[in-house]
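Visitor: For reference, the structure I am asking about is given below.
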Amino acid sequence: MVRYIGMRLLLAVGVLWAAYTVTFVILFMVPGDPISAMAAGGMDSGTVSPEQLDAMRAEYGFDQPLPVQYGQYLFAALQGDLGTSVQTGQPVTTAIGQVLWPTVELSIAALVVAVIFGGAIALIATYTNLRWLRETLLAIPPLAISLPTFWIGLLLIQWFSFSWNIFPAMGNDGFSALVLPAITLGLPISALVAQVLAKSLQEAAIDPYVTTARAKGISRIRVHLGHVLRNATLPSLTMVGLIAGNLLAGSVIVETVFSRQGVGQLTVQSVTMQDLPVVQGVVVFGAVVFIAANLIVDLLLPVADPRVTVGRSYA
Amino acid sequence: MLPGLAPKRKTQLMTDHTSRFPSSRLRIPTAGLLIGSLSLVAACGGNGGGAAGNGGPVGDPEPGGTLSFAVGSDDGCIDPQQTGSNDSIYPSRQLVDSLTDQDPETGEIAPWLAEEWEINDDATEYTFTLREGVTFADGTPLDAEVVAANLDRATELGSRGHITLSYIEGYEETEVIDDQTFTVRFEEPSAQFLQATSTHALGILHPDSVELSDDERCESVEGSGPFVLESYTPDSSITMTAREGYDWGSEVWDNQGEPYVDGIEFTIVPESGVRAGSLQSGQVDVIGNIAPQDLPQLESANAQILPRTNPGMPFGLGLNQEEELFQDEAVREAISLGIDREEIVNTAYTEDTPASTSVVASTTPDHVDLSEYLQHDPDAAREVLEDAGWELGDDEVYERDGERLEFTILWFDNAPTNAPTLELIQQQLNSTGFDVSLEEGQVAEFGTRVAESSFDIIWRNATRADADILRTSYGPSSPYLIEDEELFETLRELSAEPDPDARAEIAAEAQEQVVSQYYTVPVVDLTTTLASRAEVHGVRFDSGSRVYLNDVWIEESAQ
């Protein structure tokens, strides 16, 4: 077990390094740099001479050969220093730290939405004897997953904020400002949950123990919720890594549409301004979240299901 | 709104909108931010700039309430000396006062912190006399020493301060004569400096703020302005409260005393549709950066639409004079004759946007109407080309000595109107006998491409409410690499002439010299559009099409 965890951690470091390196190469291959982006601020340009631009590049080390820059950045990153934002002069870790909580808050709320909606659809669709209801419910997830997030967001704002004035359309203030963004972000994920859960519920429902349980006189609903659901939850657990990725990616759009502070908006801002250290930092952060989520799930699986053992297949 | 025009424009926009729906929507985060920075371009607009948006007769100002103002982006900096985009200038402008102010309608410079000033004959020495009794919120007086410290420190600003830096180019020193009097000296004539003192970029900061590092100043600054910064959360919100005891407002404003509202809350709302909807539903009072497609909706909701054309260099085509093709005057003139400005304005812009009539926009002081040079006449364009030896080839493109009349226009997605405009220009020129390609550049490389003149033709603009824009745009350091000693001589005279009337004459001459040579082909005078709720009054454009909010008041029923 210890050996397994060690291997997984080593693998995680490798994945992180790869993510870091690929981002670095891509970012530095893109034309333009943060200095010109900053000097173009407002496009009232033409007043900054090429010499001035060069001097500023030197100030931030952007004039060094790429391998040297890469080495410097990587060395600092190993010590937990992700560099300094060109735009604000803030350490990147601080910049991410400052906006982390709103995104975590939003992700948790979206997860709750996803589990409630997704779980309900899957449970009802597999429990009901009404064919039309089942087929209608099962048609919802593919539909919901194909709806663009920004469109759902704008629609919700239009109705619940602009027309009926129930929730605010923007901001980070309090629970009411969290409702619409959480639904927007949670909806596509609930579709994912519904799809996978419904499938495993259907499979678990024809297992022999269900017949046994029914024969013992346990009611259908109790079998469904008490036995079938417990067995069917496991495959859904493996999706946690995927969901974490979706939450992060979705936050970029949701935070923009709802004018919320957060990691997503930081990403948009830093990409626009080509604030390379921040973009790099956000990518590394995303990789860490993704890796951690997957690792935790893998380690938890044996706890949730004694039939699963870890280690051999990997080692 | 002209009833005849409106439906046509609406259809056009909707067609465009539908066909590009998914991709254009997804690009909104970026586009929104870019527009923000771009909007720098935007300056005071069509209404001439005074107190804009007073629909009908309104009563006396009713004090109270907090003004909620939604903008599209955030520069990440609240220091007026280091912000470049309109969306960030709106808030930072409210925190500081400037030495002078500029009347947006006449372009005249008016007293503000400085009661009077004198300029020597070659515009190298400016002596200002400050008004007495101006203080910062903690009681520190704003005196000559403070101004000197501000100017000295401004020369050390980093790249974020490039606008400020360009305004004090050639700065030598500030000599403090007494508490209220000081002289600013330049190494070379700098007639533009007087107008520069009226801008946000030379707003005066508290001596403590002056001493902070560039980055620290971005997080929080203190000025003597009508509003005091309460809190700033990057990419999210900026709140400020009215300064108690403020009574040194600019003479251009209606209200020189304390602001009518208790405070202002700026919210950053990147999505233009969300800004428009929030205004309609009363969640915010004023919004910036109106997209053309949101206009009909806002008008039908009785919002006040506040347009103002940006002064400075209009959006147009800058021709790189190092390219042999553009050294041919016939080619330059034919490009201008091939462009139908009216069609462009009617298709891609709001109805308040005018077609360009000179190489500076109509709201720029000293602008002269030279539209006789800027007519649309494709037949004349062909004639000019044929007289210069160009012949129409089999593929409907002109050729001369084996050389085809082809070039690439570099443009940036920094305004939502750019894409449709450039597509139209391409169509118009191609039907005249050119072979035009379009290259969309990364916004982040804009600065480099301009500074290094790496383009055949570039589509751009720049905001400045002073004729000095002629020197920076078309002078010896112009990105178009113009070589025209006669023109440069005129521009030198321009920067050395402090007398407003004499300067206007020189500016008119310079405009004609640039227009008649077609070094640049101006197309549209970009117009900034804001909107406010019907119950909000007194939103006032400054000469650069940014806003003053000291005159703003909210009807009591809506506070």
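We label chains A, B, ... in the order they appear in the structure tokens, count residues from 1 in each chain, and number ligands from 1 in the order shown.
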Which residues in region 343-556 of chain B does DSSP call strand (DSSP E)? List them as a VMD selection string.
Guide: chain B and resid 391 to 392 398 to 400 403 to 404 406 to 412 435 to 441 457 to 463 520 to 524 527 to 532 536 to 537 540 to 541 547 to 548 553 to 554
Visitor: Could you give me, as a VMD selection string, each residue of region 140-293 of chain A that DSSP assigns to alpha helix (DSSP H) when run on this structure's backbone?
Guide: chain A and resid 140 to 146 149 to 156 176 to 205 208 to 215 220 to 222 229 to 237 240 to 257 263 to 272 276 to 293
Visitor: Would you mind reading off the distance between CA of Ser495 (chain B) and CA of Asp468 (chain B), one decimal, in Å?
Guide: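 If I compute the distance from CA of Ser495 (chain B) to CA of Asp468 (chain B), I get 7.0 Å.
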Visitor: Rank A:Arg8, A:Arg57, A:Arg260, A:Lys216 by their smallest atom-to-atom distance to Pro168 (chain A), using only C-alpha atoms, and report the top residue only.
Guide: A:Arg260
